[in-house]
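Here is the file query.txt (compact mmCIF, C-alpha atoms).
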# COMPACT_ATOMS: atom_id res chain seq x y z
CA MET A 1 29.61 55.43 40.30
CA THR A 2 26.22 54.36 41.54
CA SER A 3 24.58 51.14 40.48
CA THR A 4 21.45 49.26 41.44
CA PRO A 5 22.26 46.83 44.22
CA ALA A 6 22.27 43.23 43.03
CA LEU A 7 19.53 40.89 44.23
CA PRO A 8 20.66 38.80 47.18
CA PRO A 9 21.62 35.26 46.21
CA THR A 10 18.78 32.74 46.20
CA ASP A 11 19.17 29.07 47.09
CA ASP A 12 19.33 28.28 43.39
CA ASP A 13 22.01 30.92 42.93
CA LEU A 14 24.13 29.39 45.67
CA ASN A 15 23.82 25.90 44.22
CA ALA A 16 24.56 27.13 40.72
CA TYR A 17 27.49 29.18 41.96
CA ALA A 18 28.95 26.17 43.77
CA ASP A 19 28.56 24.14 40.56
CA GLY A 20 30.09 26.84 38.37
CA GLN A 21 26.91 27.25 36.37
CA LEU A 22 26.09 30.94 36.84
CA SER A 23 26.64 33.53 34.13
CA ALA A 24 29.80 35.54 34.63
CA ASP A 25 27.84 38.64 35.65
CA ARG A 26 25.62 36.92 38.20
CA ALA A 27 28.60 34.93 39.50
CA ALA A 28 30.42 38.17 40.19
CA GLU A 29 27.41 39.51 42.10
CA VAL A 30 27.12 36.34 44.16
CA ALA A 31 30.86 36.34 44.84
CA ALA A 32 30.55 39.84 46.23
CA ALA A 33 27.66 38.78 48.46
CA LEU A 34 29.67 35.81 49.72
CA ALA A 35 32.57 38.08 50.58
CA ARG A 36 30.24 40.04 52.86
CA ASP A 37 28.49 37.09 54.47
CA PRO A 38 30.52 34.23 55.96
CA ALA A 39 27.41 32.14 56.56
CA LEU A 40 26.55 32.18 52.87
CA LEU A 41 30.15 31.44 51.97
CA ALA A 42 30.09 28.45 54.32
CA ARG A 43 27.07 27.04 52.50
CA VAL A 44 28.86 27.25 49.16
CA THR A 45 31.98 25.69 50.65
CA ASP A 46 29.85 22.87 52.08
CA VAL A 47 28.29 22.13 48.70
CA ARG A 48 31.68 22.05 47.02
CA ALA A 49 33.05 19.77 49.71
CA GLN A 50 30.07 17.50 49.28
CA ASN A 51 30.60 17.45 45.51
CA ALA A 52 34.24 16.45 46.01
CA ALA A 53 33.29 13.72 48.49
CA LEU A 54 30.77 12.33 46.02
CA ARG A 55 33.37 12.28 43.28
CA ASP A 56 35.91 10.58 45.54
CA ALA A 57 33.36 7.97 46.49
CA LEU A 58 32.00 7.36 43.00
CA ASP A 59 35.00 7.81 40.69
CA PRO A 60 36.70 4.52 41.65
CA MET A 61 33.80 2.66 40.08
CA LEU A 62 34.90 3.98 36.70
CA ALA A 63 38.09 1.94 36.75
CA GLU A 64 36.42 -1.44 37.16
CA PRO A 65 36.96 -3.90 34.32
CA ILE A 66 34.10 -3.96 31.85
CA PRO A 67 32.19 -7.24 31.47
CA GLU A 68 32.48 -8.82 28.04
CA ARG A 69 28.74 -8.70 27.37
CA LEU A 70 28.71 -4.92 27.67
CA LEU A 71 31.68 -4.53 25.33
CA GLU A 72 29.85 -6.70 22.84
CA ALA A 73 26.70 -4.62 23.27
CA THR A 74 28.58 -1.59 21.92
CA SER A 75 28.78 -3.28 18.54
CA ALA A 76 25.86 -3.01 16.17
CA PRO A 77 23.40 -5.81 16.83
CA PRO A 78 23.57 -8.73 14.42
CA ALA A 79 21.48 -8.63 11.27
CA ALA A 80 18.91 -10.99 12.81
CA ALA A 81 17.90 -8.34 15.33
CA ARG A 82 17.79 -5.60 12.73
CA ALA A 83 15.63 -7.83 10.52
CA GLY A 84 13.07 -7.73 13.32
CA LEU A 85 13.21 -11.34 14.47
CA PRO A 86 11.08 -11.98 17.54
CA GLN A 87 12.98 -11.72 20.82
CA TRP A 88 12.90 -15.46 21.58
CA LEU A 89 14.77 -16.23 18.40
CA ARG A 90 17.48 -13.63 18.90
CA PRO A 91 19.59 -15.08 21.73
CA ALA A 92 20.64 -18.03 19.60
CA PHE A 93 21.80 -15.72 16.85
CA ALA A 94 23.54 -13.46 19.35
CA VAL A 95 25.49 -16.38 20.74
CA ALA A 96 26.48 -17.61 17.31
CA ALA A 97 27.53 -14.12 16.25
CA THR A 98 29.61 -13.76 19.40
CA LEU A 99 31.46 -16.98 18.72
CA VAL A 100 32.29 -15.84 15.23
CA LEU A 101 33.29 -12.40 16.47
CA GLY A 102 35.34 -13.91 19.27
CA ILE A 103 37.63 -15.58 16.81
CA GLY A 104 37.90 -12.52 14.62
CA LEU A 105 38.00 -9.75 17.24
CA GLY A 106 41.47 -8.34 17.34
CA TRP A 107 42.06 -7.85 20.99
CA LEU A 108 40.34 -11.03 22.16
CA GLY A 109 42.44 -13.13 19.84
CA ARG A 110 45.60 -11.32 20.76
CA GLU A 111 44.91 -11.71 24.44
CA VAL A 112 44.63 -15.48 24.13
CA THR A 113 48.00 -15.63 22.38
CA LEU A 114 49.73 -13.33 24.81
CA GLU A 115 48.22 -15.02 27.85
CA ARG A 116 49.89 -18.22 26.77
CA ALA A 117 53.19 -16.41 26.51
CA GLY A 118 52.77 -15.24 30.09
CA THR A 119 52.54 -11.53 29.28
CA PRO A 120 50.27 -9.47 31.54
CA THR A 121 47.80 -8.00 29.07
CA THR A 122 45.05 -6.99 31.48
CA PHE A 123 47.22 -4.08 32.64
CA ALA A 124 47.59 -2.87 29.04
CA ARG A 125 43.90 -3.23 28.39
CA ALA A 126 43.02 -1.39 31.61
CA ALA A 127 45.45 1.37 30.62
CA ALA A 128 43.83 1.69 27.20
CA VAL A 129 40.32 1.86 28.63
CA THR A 130 41.40 4.35 31.28
CA HIS A 131 43.09 6.46 28.60
CA ALA A 132 39.94 6.42 26.47
CA LEU A 133 37.88 7.37 29.51
CA TYR A 134 39.83 10.40 30.69
CA SER A 135 41.45 11.71 27.52
CA VAL A 136 38.08 12.68 26.04
CA ASP A 137 37.02 14.55 29.18
CA GLN A 138 36.99 18.28 28.67
CA ARG A 139 35.95 19.54 32.11
CA ARG A 140 37.84 17.30 34.47
CA PRO A 141 40.38 15.12 32.68
CA VAL A 142 42.66 15.38 35.69
CA GLU A 143 42.15 16.07 39.40
CA VAL A 144 45.31 18.11 39.97
CA TRP A 145 46.49 20.45 37.25
CA ALA A 146 50.01 21.05 35.98
CA ASN A 147 50.28 24.37 37.79
CA GLU A 148 50.52 22.32 40.98
CA GLU A 149 53.03 19.85 39.61
CA LYS A 150 55.12 19.60 42.73
CA GLY A 151 52.10 18.90 44.93
CA LEU A 152 50.83 16.43 42.34
CA VAL A 153 54.06 14.42 42.42
CA THR A 154 54.09 14.46 46.23
CA TRP A 155 50.48 13.30 46.36
CA LEU A 156 51.00 10.44 43.89
CA THR A 157 54.17 9.39 45.69
CA ARG A 158 52.33 9.22 48.99
CA ARG A 159 49.32 7.36 47.68
CA LEU A 160 51.22 4.76 45.70
CA GLY A 161 54.01 4.31 48.21
CA VAL A 162 56.69 4.68 45.56
CA GLN A 163 58.47 7.81 44.26
CA ALA A 164 56.49 9.36 41.40
CA HIS A 165 58.14 11.07 38.45
CA ALA A 166 56.56 13.53 36.04
CA PRO A 167 58.64 13.29 32.86
CA ASP A 168 59.15 16.48 30.88
CA LEU A 169 57.91 15.79 27.36
CA ASN A 170 58.16 19.32 26.00
CA ALA A 171 61.03 18.29 23.73
CA VAL A 172 58.67 15.91 21.91
CA GLY A 173 55.86 18.42 21.82
CA TYR A 174 53.74 17.37 24.81
CA ALA A 175 52.93 19.51 27.82
CA LEU A 176 51.72 18.20 31.15
CA VAL A 177 47.99 18.72 31.71
CA GLY A 178 47.94 17.27 35.22
CA GLY A 179 47.26 14.01 36.99
CA ARG A 180 44.88 11.88 38.99
CA LEU A 181 44.63 8.62 40.83
CA VAL A 182 42.75 5.72 39.31
CA ALA A 183 41.52 2.96 41.58
CA GLY A 184 42.63 -0.18 39.74
CA ASN A 185 42.06 -3.71 40.94
CA ASP A 186 43.39 -3.75 44.47
CA LYS A 187 46.14 -1.22 43.82
CA PRO A 188 45.83 2.45 42.98
CA THR A 189 47.21 3.57 39.62
CA ALA A 190 48.74 6.97 39.02
CA LEU A 191 47.86 8.80 35.83
CA LEU A 192 49.60 11.78 34.22
CA MET A 193 48.06 13.35 31.15
CA TYR A 194 49.99 15.21 28.45
CA GLU A 195 48.68 17.21 25.52
CA ASN A 196 50.25 18.50 22.30
CA ALA A 197 49.47 21.61 20.30
CA ASP A 198 46.75 19.72 18.41
CA LYS A 199 45.07 18.84 21.71
CA GLU A 200 45.95 15.19 21.25
CA ARG A 201 46.45 13.50 24.59
CA LEU A 202 48.76 10.87 25.98
CA THR A 203 48.49 9.27 29.38
CA LEU A 204 51.29 7.78 31.44
CA GLN A 205 49.99 5.35 34.05
CA TRP A 206 51.86 3.30 36.59
CA ARG A 207 51.23 1.18 39.64
CA LYS A 208 53.31 -0.67 42.15
CA THR A 209 53.86 -4.30 41.27
CA GLY A 210 54.48 -7.13 43.67
CA ALA A 211 58.08 -7.55 44.81
CA GLY A 212 60.24 -9.42 42.36
CA VAL A 213 57.96 -9.14 39.37
CA GLY A 214 60.43 -7.05 37.40
CA THR A 215 62.86 -9.42 35.72
CA GLY A 216 65.41 -6.69 35.14
CA GLU A 217 64.77 -6.96 31.44
CA ALA A 218 63.54 -3.64 30.08
CA ALA A 219 61.33 -5.00 27.33
CA PHE A 220 58.71 -2.67 25.88
CA ARG A 221 55.56 -4.52 25.01
CA TYR A 222 52.97 -3.07 22.67
CA ALA A 223 49.24 -3.57 22.39
CA VAL A 224 46.43 -1.83 20.59
CA GLU A 225 42.94 -1.78 22.08
CA ASP A 226 40.22 -0.08 20.04
CA GLY A 227 42.54 2.38 18.36
CA VAL A 228 44.47 3.23 21.51
CA GLY A 229 48.14 2.20 21.38
CA VAL A 230 49.83 1.17 24.61
CA PHE A 231 53.52 0.67 25.29
CA TYR A 232 54.06 -1.00 28.63
CA TRP A 233 57.00 -2.19 30.69
CA VAL A 234 58.01 -3.08 34.24
CA ASP A 235 60.94 -2.09 36.39
CA GLU A 236 61.84 -3.23 39.89
CA GLU A 237 59.01 -1.42 41.56
CA CYS A 238 56.33 -0.50 39.07
CA ALA A 239 54.50 -1.42 35.91
CA TYR A 240 54.17 1.49 33.46
CA ALA A 241 51.92 2.11 30.48
CA LEU A 242 52.05 4.94 27.96
CA ALA A 243 48.78 5.18 26.06
CA GLY A 244 47.61 7.30 23.15
CA LYS A 245 46.12 7.35 19.71
CA LEU A 246 49.51 7.74 18.01
CA ASP A 247 50.95 5.34 15.53
CA ARG A 248 53.34 2.81 16.93
CA SER A 249 56.62 4.46 16.02
CA GLN A 250 55.58 7.88 17.34
CA LEU A 251 54.36 6.35 20.60
CA LEU A 252 57.58 4.36 20.91
CA ALA A 253 59.62 7.52 20.54
CA VAL A 254 57.78 9.12 23.45
CA ALA A 255 57.94 5.91 25.49
CA ARG A 256 61.73 5.93 25.14
CA VAL A 257 61.90 9.51 26.41
CA VAL A 258 59.65 8.63 29.36
CA TYR A 259 61.65 5.51 30.18
CA GLY A 260 64.95 7.35 29.92
CA GLN A 261 63.88 10.15 32.26
CA ILE A 262 62.36 7.84 34.87
CA THR A 263 65.43 5.59 34.89
CA ALA A 264 67.77 8.55 35.19
CA ALA A 265 65.72 10.10 37.99
CA GLU A 266 65.66 6.86 39.93
CA ALA A 267 69.38 6.34 39.47
CA SER A 268 70.19 9.78 40.85
CA GLY A 269 67.57 9.63 43.59
CA LYS A 270 65.90 12.81 42.38
CA HIS A 271 62.16 13.49 42.07
CA MET B 1 21.91 22.02 0.76
CA THR B 2 24.79 19.64 0.27
CA ALA B 3 24.24 16.02 1.18
CA SER B 4 26.15 14.92 4.27
CA ALA B 5 29.05 12.56 3.64
CA PRO B 6 28.14 8.88 4.00
CA SER B 7 29.02 7.43 7.38
CA VAL B 8 32.45 5.83 7.42
CA ASP B 9 31.33 3.56 10.25
CA ALA B 10 30.22 0.32 8.61
CA ALA B 11 27.79 -0.24 11.48
CA ASP B 12 25.86 2.84 10.39
CA GLY B 13 25.45 5.38 13.13
CA LEU B 14 27.12 5.07 16.50
CA PRO B 15 30.89 5.51 16.95
CA ARG B 16 32.12 2.41 18.74
CA PRO B 17 35.22 3.87 20.47
CA GLU B 18 33.09 6.58 22.05
CA LEU B 19 30.50 4.02 23.11
CA VAL B 20 33.18 1.94 24.79
CA ALA B 21 34.62 5.03 26.46
CA ALA B 22 31.14 5.86 27.80
CA LEU B 23 30.63 2.41 29.36
CA PRO B 24 32.17 3.11 32.80
CA ARG B 25 30.00 6.20 33.27
CA MET B 26 26.92 4.39 32.07
CA ARG B 27 27.58 1.58 34.54
CA ARG B 28 28.03 4.07 37.33
CA TYR B 29 24.82 5.92 36.49
CA ALA B 30 22.98 2.60 36.21
CA ARG B 31 24.28 1.52 39.59
CA VAL B 32 23.04 4.76 41.14
CA LEU B 33 19.65 4.24 39.49
CA THR B 34 19.17 0.60 40.42
CA GLY B 35 21.25 0.37 43.61
CA ASP B 36 22.50 -3.05 42.51
CA ALA B 37 25.55 -3.99 40.44
CA ALA B 38 23.99 -6.90 38.53
CA ARG B 39 20.78 -5.08 37.70
CA ALA B 40 22.89 -2.09 36.72
CA ASP B 41 24.75 -4.02 34.03
CA ASP B 42 21.46 -5.39 32.73
CA LEU B 43 20.20 -1.83 32.48
CA VAL B 44 23.30 -0.72 30.57
CA GLN B 45 22.89 -3.59 28.16
CA ASP B 46 19.22 -2.75 27.60
CA ALA B 47 20.08 0.91 27.14
CA LEU B 48 22.72 0.09 24.53
CA ALA B 49 20.22 -2.09 22.66
CA ARG B 50 17.75 0.79 22.68
CA ALA B 51 20.51 3.19 21.57
CA TRP B 52 21.20 1.03 18.54
CA GLU B 53 17.49 0.90 17.74
CA LYS B 54 17.30 4.69 17.95
CA ARG B 55 20.69 5.39 16.40
CA ARG B 56 19.29 7.68 13.74
CA LEU B 57 18.15 10.07 16.47
CA TRP B 58 21.70 10.81 17.55
CA ARG B 59 23.32 13.69 15.69
CA ALA B 60 26.99 12.99 14.98
CA GLY B 61 29.10 15.49 16.94
CA SER B 62 26.52 16.07 19.66
CA ASP B 63 27.11 14.87 23.22
CA LEU B 64 26.96 11.08 23.09
CA ARG B 65 27.21 10.67 26.85
CA ALA B 66 24.17 12.90 27.53
CA TRP B 67 22.19 11.09 24.82
CA LEU B 68 23.05 7.67 26.27
CA PHE B 69 22.12 8.88 29.77
CA THR B 70 18.75 10.09 28.47
CA ILE B 71 18.08 6.71 26.88
CA MET B 72 19.11 4.82 29.99
CA HIS B 73 16.99 6.99 32.28
CA ASN B 74 14.06 6.34 29.96
CA VAL B 75 14.59 2.58 29.84
CA HIS B 76 14.86 2.52 33.63
CA VAL B 77 11.63 4.46 34.14
CA ASN B 78 9.81 2.14 31.73
CA GLN B 79 11.14 -0.94 33.48
CA LEU B 80 10.10 0.42 36.86
CA ALA B 81 6.61 1.15 35.57
CA LEU B 82 6.39 -2.37 34.16
CA ALA B 83 7.58 -3.91 37.43
CA ARG B 84 5.11 -1.82 39.37
CA ARG B 85 2.24 -2.95 37.21
CA GLU B 86 3.32 -6.55 37.62
CA ALA B 87 3.78 -6.21 41.37
CA GLY B 88 0.45 -4.50 41.94
CA ASN B 89 0.18 -1.05 43.40
CA VAL B 90 3.50 -0.80 45.17
CA SER B 91 4.85 2.71 45.55
CA LEU B 92 7.73 3.74 43.35
CA ASP B 93 9.85 4.73 46.32
CA ALA B 94 9.45 1.35 47.97
CA LEU B 95 10.68 -0.31 44.80
CA ASP B 96 13.85 1.61 44.34
CA GLU B 97 14.71 3.11 47.69
CA ASP B 98 16.69 0.23 48.96
CA GLY B 99 18.86 -1.21 51.62
CA GLY B 100 20.26 -2.96 48.59
CA TRP B 101 22.98 -0.43 47.81
CA GLN B 102 26.16 -2.50 47.78
CA PRO B 103 29.08 -0.13 47.80
CA SER B 104 32.41 -1.77 47.44
CA VAL B 105 35.05 0.63 48.57
CA ARG B 106 38.77 0.26 48.15
CA GLY B 107 41.65 2.13 49.66
CA GLY B 108 43.20 2.56 53.06
CA GLU B 109 41.21 2.08 56.24
CA THR B 110 40.40 5.72 56.98
CA GLN B 111 39.57 6.46 53.39
CA ARG B 112 37.36 3.39 53.22
CA LEU B 113 35.38 4.51 56.26
CA GLU B 114 34.79 7.99 54.86
CA LEU B 115 33.89 6.87 51.37
CA ALA B 116 31.71 4.08 52.71
CA GLU B 117 29.80 6.67 54.73
CA VAL B 118 29.17 8.79 51.65
CA LEU B 119 27.98 5.77 49.69
CA ARG B 120 25.79 4.58 52.54
CA ALA B 121 24.21 8.01 52.86
CA MET B 122 23.68 8.10 49.09
CA GLY B 123 21.94 4.75 49.30
CA ARG B 124 19.43 6.18 51.72
CA LEU B 125 18.33 8.94 49.37
CA PRO B 126 15.36 8.41 47.08
CA ALA B 127 16.51 7.35 43.61
CA GLU B 128 15.56 10.62 41.95
CA GLN B 129 17.71 12.57 44.42
CA ARG B 130 20.65 10.16 44.06
CA GLU B 131 20.34 10.53 40.34
CA VAL B 132 20.36 14.32 40.24
CA LEU B 133 23.34 14.43 42.61
CA LEU B 134 25.30 12.10 40.36
CA LEU B 135 24.51 14.08 37.23
CA ALA B 136 25.24 17.50 38.78
CA ALA B 137 28.03 16.89 41.29
CA VAL B 138 29.87 13.96 39.73
CA GLU B 139 29.17 13.95 36.00
CA GLU B 140 29.01 17.78 36.09
CA LEU B 141 26.37 18.07 33.42
CA ARG B 142 24.88 21.52 32.96
CA TYR B 143 21.43 21.96 34.51
CA GLU B 144 19.87 22.26 31.04
CA GLU B 145 21.46 18.94 30.07
CA ILE B 146 20.18 17.29 33.25
CA ALA B 147 16.70 18.62 32.53
CA ALA B 148 16.89 16.97 29.10
CA VAL B 149 18.13 13.66 30.50
CA LEU B 150 15.37 13.55 33.11
CA ALA B 151 12.71 15.09 30.85
CA VAL B 152 11.73 17.63 33.51
CA PRO B 153 11.87 21.44 33.64
CA ILE B 154 15.07 23.09 34.89
CA GLY B 155 13.18 24.36 37.95
CA THR B 156 12.50 20.75 38.95
CA VAL B 157 16.18 19.89 38.55
CA MET B 158 17.15 22.78 40.82
CA SER B 159 14.64 21.97 43.56
CA ARG B 160 15.50 18.27 43.50
CA LEU B 161 19.18 19.12 43.69
CA SER B 162 18.60 21.46 46.60
CA ARG B 163 16.61 18.85 48.52
CA ALA B 164 19.12 16.13 47.70
CA ARG B 165 22.02 18.18 49.02
CA GLU B 166 20.11 19.11 52.14
CA ARG B 167 19.14 15.53 52.82
CA LEU B 168 22.62 14.17 52.18
CA ARG B 169 24.10 16.79 54.48
CA GLY B 170 21.68 15.69 57.20
CA LEU B 171 22.50 12.01 56.71
CA MET B 172 26.25 12.64 56.80
CA ALA B 173 25.89 14.65 60.00
CA GLU B 174 24.33 11.73 61.86
CA PRO B 175 26.80 9.88 64.05
CA ALA B 176 27.76 6.71 62.23
CA ALA B 177 26.66 3.42 63.76
CA SER B 178 30.16 2.04 63.25
CA LEU B 179 33.27 3.16 65.03
CA ARG B 180 34.56 6.54 64.01
CA VAL B 181 38.27 7.05 63.55
CA VAL B 182 39.33 9.91 65.79
CA LYS B 183 42.08 12.00 64.22

Is it possible to give me this structure as structure tokens?
Amino acid sequence: MTSTPALPPTDDDLNAYADGQLSADRAAEVAAALARDPALLARVTDVRAQNAALRDALDPMLAEPIPERLLEATSAPPAAARAGLPQWLRPAFAVAATLVLGIGLGWLGREVTLERAGTPTTFARAAAVTHALYSVDQRRPVEVWANEEKGLVTWLTRRLGVQAHAPDLNAVGYALVGGRLVAGNDKPTALLMYENADKERLTLQWRKTGAGVGTGEAAFRYAVEDGVGVFYWVDEECAYALAGKLDRSQLLAVARVVYGQITAAEASGKH
Amino acid sequence: MTASAPSVDAADGLPRPELVAALPRMRRYARVLTGDAARADDLVQDALARAWEKRRLWRAGSDLRAWLFTIMHNVHVNQLALARREAGNVSLDALDEDGGWQPSVRGGETQRLELAEVLRAMGRLPAEQREVLLLAAVEELRYEEIAAVLAVPIGTVMSRLSRARERLRGLMAEPAASLRVVK
């Protein structure tokens, strides 16, 4: 079979190929050209390596806690602004509205109560925000996919300094999508993402706690942040959070399965 | 044509959970644009205010992140133009190409050195090259989407991206001023 030879790859082709943005046909042509020319292949490899380095350098920023004023700015502006008041009049109204909202806002109020009781809520809130951030991502919700589960567990174990476990949630309808590391506060947090047949996602996150934080009491705590439910608990080594947009009893059922498997794995010394 | 169902969101227009979920990426983009964490958060706040003003322009179900990025890019460009007018005829590059990039890098020592190098090199790129690298390599927007965010033709996106990659490669290849860890 004879065919017209494909045009050699241009600079734009190479960039687009490295970024996965060529049409299937053109990508196949470029791939063939790369197979024949190691120098071209090296350029594509370099671009991909550079992309990965940029992601590694810039992804940690995503896990930083969000300042209050930005969270407030996601709410509709108060009626004063919509009514077209001049700018110099608005700040006073904004402050007043915030004070009113602060008393009424679910998670702010709850946090004040729980802080007094000595419960660590910032971990739960961080877990909820992190869940919201990655669970909606279609292209790259995880860094390592489930087909490399063993390598994923090894990687998370190494980076956290504590044995990682990837619970099997198939019995409750969730399959592992994969995992990633989240840079949280001064300690990295591991994240595993699961998905059910309806493409609803759960995330299991954990990080190493300071020595002696676990009281030995396996109490599940529950919080809801902006529609994301979080069950969280601590054991001797780690703090865990299971997050998802399930109702409380469904999420609790999965949390029990997760807890049971992790405890059993740790008791038997398995991965 | 059937009327569309009334919005369930009492605030009329923008879905709050998705806005909150977009905040970390907006902050990151803003930091790349301004090179400064405090100014970045100001930019995000201004962009959100503008988004609420323009909420009727967003079509429910379309990509909220791309729309927010477009607004923020726009607000940033306007603010730069305003600052330039107020400062007299200072060149755009001088205003936003900065030694002011303040990367804060966490992680182990070796990792910190490598990531810090990438961030430092990024900081030495002109803002429009930093920006296109973020959108293509990190946010992984399609070139057409980037063209819409930046309000430039796709050809411009491609050539900026090519130059940005070339320049970053050159900067990363320079021996670092600080001690290199030898493996």

Next on the checklist: Please identify all residues of chain A having at least one atom at most 7 Å from any atom of chain B, considering only C-alpha atoms, and return them as a list in words.
Outcome noted: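 Only these qualify: Asp12, Gln21, Asn51, Leu54, Arg55, Ala57, Met61, Leu62, Leu70, Leu71, Ala73, Thr74, Ser75, Ala76, Val129, Ala132, Leu133 and Asp226 of chain A.
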
Checklist entry - If we count only C-alpha atoms, what is near Arg248 (chain A) at a cut-off of 9 Å, once residues fewer than 3 positions away on the same chain are taken out, given as JSON, numbers by chain? => result {"A": [222, 229, 230, 231, 245, 251, 252, 253]}

Item to check | For CA of Gly269 (chain A) and CA of Ala171 (chain A), the interatomic separation in Å (one decimal) | outcome: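 Between CA of Gly269 (chain A) and CA of Ala171 (chain A) the gap is 22.6 Å.
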
Checklist entry - Could you state the separation of CA of Val153 (chain A) and CA of Ala197 (chain A) in Å, given to one decimal place? => result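 Spanning CA of Val153 (chain A) to CA of Ala197 (chain A) is a straight-line distance of 23.7 Å.
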
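In this model, the gap between CA of Leu191 (chain A) and CA of Trp206 (chain A) comes to 6.8 Å.
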
Item to check | Residue list as an MDAnalysis selection string for point (51.6, 18.4, 44.5), cut-off 12 Å, only C-alpha atoms | outcome: chainID A and resid 143:159 164:166 178:180 271

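Remark: for Val228 (chain A), the closest of the candidate residues A:Leu181, A:Leu7, A:Ile66, A:Leu242 is A:Leu242 (distances computed over all atoms listed in the file).
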
Checklist outcome for this item: For Ala183 (chain A), the closest of A:Asn170, A:Ser268, A:Thr130, A:Asn15 counting only C-alpha atoms is A:Thr130

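Across A:Ala265, A:Val136, A:Ala27, A:Ala49, the tightest approach to Leu64 (chain B) is made by A:Val136 when counting all atoms listed in the file.
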
Draw an axis-aligned box over all listed atoms of region 132-140 of chain B, pad each side with 5 Å, and write its centre and edge lengths in Å, one decimal, as JSON.
{"center_x": 25.1, "center_y": 14.9, "center_z": 39.3, "size_x": 19.5, "size_y": 15.7, "size_z": 16.6}

Checklist entry - For Arg50 (chain B), which residue out of B:Arg124, B:Arg85, B:Arg167, B:His76 is the nearest one, using all atoms listed in the file? => result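 Counting all atoms listed in the file, the residue closest to Arg50 (chain B) is B:His76.
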
Could region 122-137 of chain A be completed with N, CA and C atoms and written as a PDB file, in the frame of the given file, please?
ATOM      1  N   THR A 122      46.173  -7.693  30.878  1.00  0.00           N
ATOM      2  CA  THR A 122      45.050  -6.990  31.480  1.00  0.00           C
ATOM      3  C   THR A 122      45.470  -5.584  31.901  1.00  0.00           C
ATOM      4  N   PHE A 123      46.741  -5.406  32.282  1.00  0.00           N
ATOM      5  CA  PHE A 123      47.220  -4.080  32.640  1.00  0.00           C
ATOM      6  C   PHE A 123      47.170  -3.166  31.416  1.00  0.00           C
ATOM      7  N   ALA A 124      47.602  -3.677  30.268  1.00  0.00           N
ATOM      8  CA  ALA A 124      47.590  -2.870  29.040  1.00  0.00           C
ATOM      9  C   ALA A 124      46.167  -2.518  28.648  1.00  0.00           C
ATOM     10  N   ARG A 125      45.274  -3.503  28.773  1.00  0.00           N
ATOM     11  CA  ARG A 125      43.900  -3.230  28.390  1.00  0.00           C
ATOM     12  C   ARG A 125      43.277  -2.198  29.328  1.00  0.00           C
ATOM     13  N   ALA A 126      43.543  -2.361  30.643  1.00  0.00           N
ATOM     14  CA  ALA A 126      43.020  -1.390  31.610  1.00  0.00           C
ATOM     15  C   ALA A 126      43.565  -0.003  31.298  1.00  0.00           C
ATOM     16  N   ALA A 127      44.849   0.067  30.929  1.00  0.00           N
ATOM     17  CA  ALA A 127      45.450   1.370  30.620  1.00  0.00           C
ATOM     18  C   ALA A 127      44.781   1.993  29.397  1.00  0.00           C
ATOM     19  N   ALA A 128      44.465   1.166  28.403  1.00  0.00           N
ATOM     20  CA  ALA A 128      43.830   1.690  27.200  1.00  0.00           C
ATOM     21  C   ALA A 128      42.425   2.207  27.502  1.00  0.00           C
ATOM     22  N   VAL A 129      41.683   1.445  28.290  1.00  0.00           N
ATOM     23  CA  VAL A 129      40.320   1.860  28.630  1.00  0.00           C
ATOM     24  C   VAL A 129      40.360   3.130  29.477  1.00  0.00           C
ATOM     25  N   THR A 130      41.277   3.166  30.437  1.00  0.00           N
ATOM     26  CA  THR A 130      41.400   4.350  31.280  1.00  0.00           C
ATOM     27  C   THR A 130      41.799   5.568  30.435  1.00  0.00           C
ATOM     28  N   HIS A 131      42.704   5.352  29.482  1.00  0.00           N
ATOM     29  CA  HIS A 131      43.090   6.460  28.600  1.00  0.00           C
ATOM     30  C   HIS A 131      41.869   6.963  27.831  1.00  0.00           C
ATOM     31  N   ALA A 132      41.116   6.040  27.250  1.00  0.00           N
ATOM     32  CA  ALA A 132      39.940   6.420  26.470  1.00  0.00           C
ATOM     33  C   ALA A 132      38.948   7.175  27.338  1.00  0.00           C
ATOM     34  N   LEU A 133      38.840   6.758  28.595  1.00  0.00           N
ATOM     35  CA  LEU A 133      37.880   7.370  29.510  1.00  0.00           C
ATOM     36  C   LEU A 133      38.239   8.809  29.825  1.00  0.00           C
ATOM     37  N   TYR A 134      39.485   9.060  30.203  1.00  0.00           N
ATOM     38  CA  TYR A 134      39.830  10.400  30.690  1.00  0.00           C
ATOM     39  C   TYR A 134      40.319  11.340  29.598  1.00  0.00           C
ATOM     40  N   SER A 135      40.878  10.804  28.527  1.00  0.00           N
ATOM     41  CA  SER A 135      41.450  11.710  27.520  1.00  0.00           C
ATOM     42  C   SER A 135      40.364  12.478  26.773  1.00  0.00           C
ATOM     43  N   VAL A 136      39.135  11.968  26.750  1.00  0.00           N
ATOM     44  CA  VAL A 136      38.080  12.680  26.040  1.00  0.00           C
ATOM     45  C   VAL A 136      37.379  13.689  26.945  1.00  0.00           C
ATOM     46  N   ASP A 137      37.699  13.682  28.223  1.00  0.00           N
ATOM     47  CA  ASP A 137      37.020  14.550  29.180  1.00  0.00           C
ATOM     48  C   ASP A 137      37.511  15.976  29.035  1.00  0.00           C
TER      49      ASP A 137
END
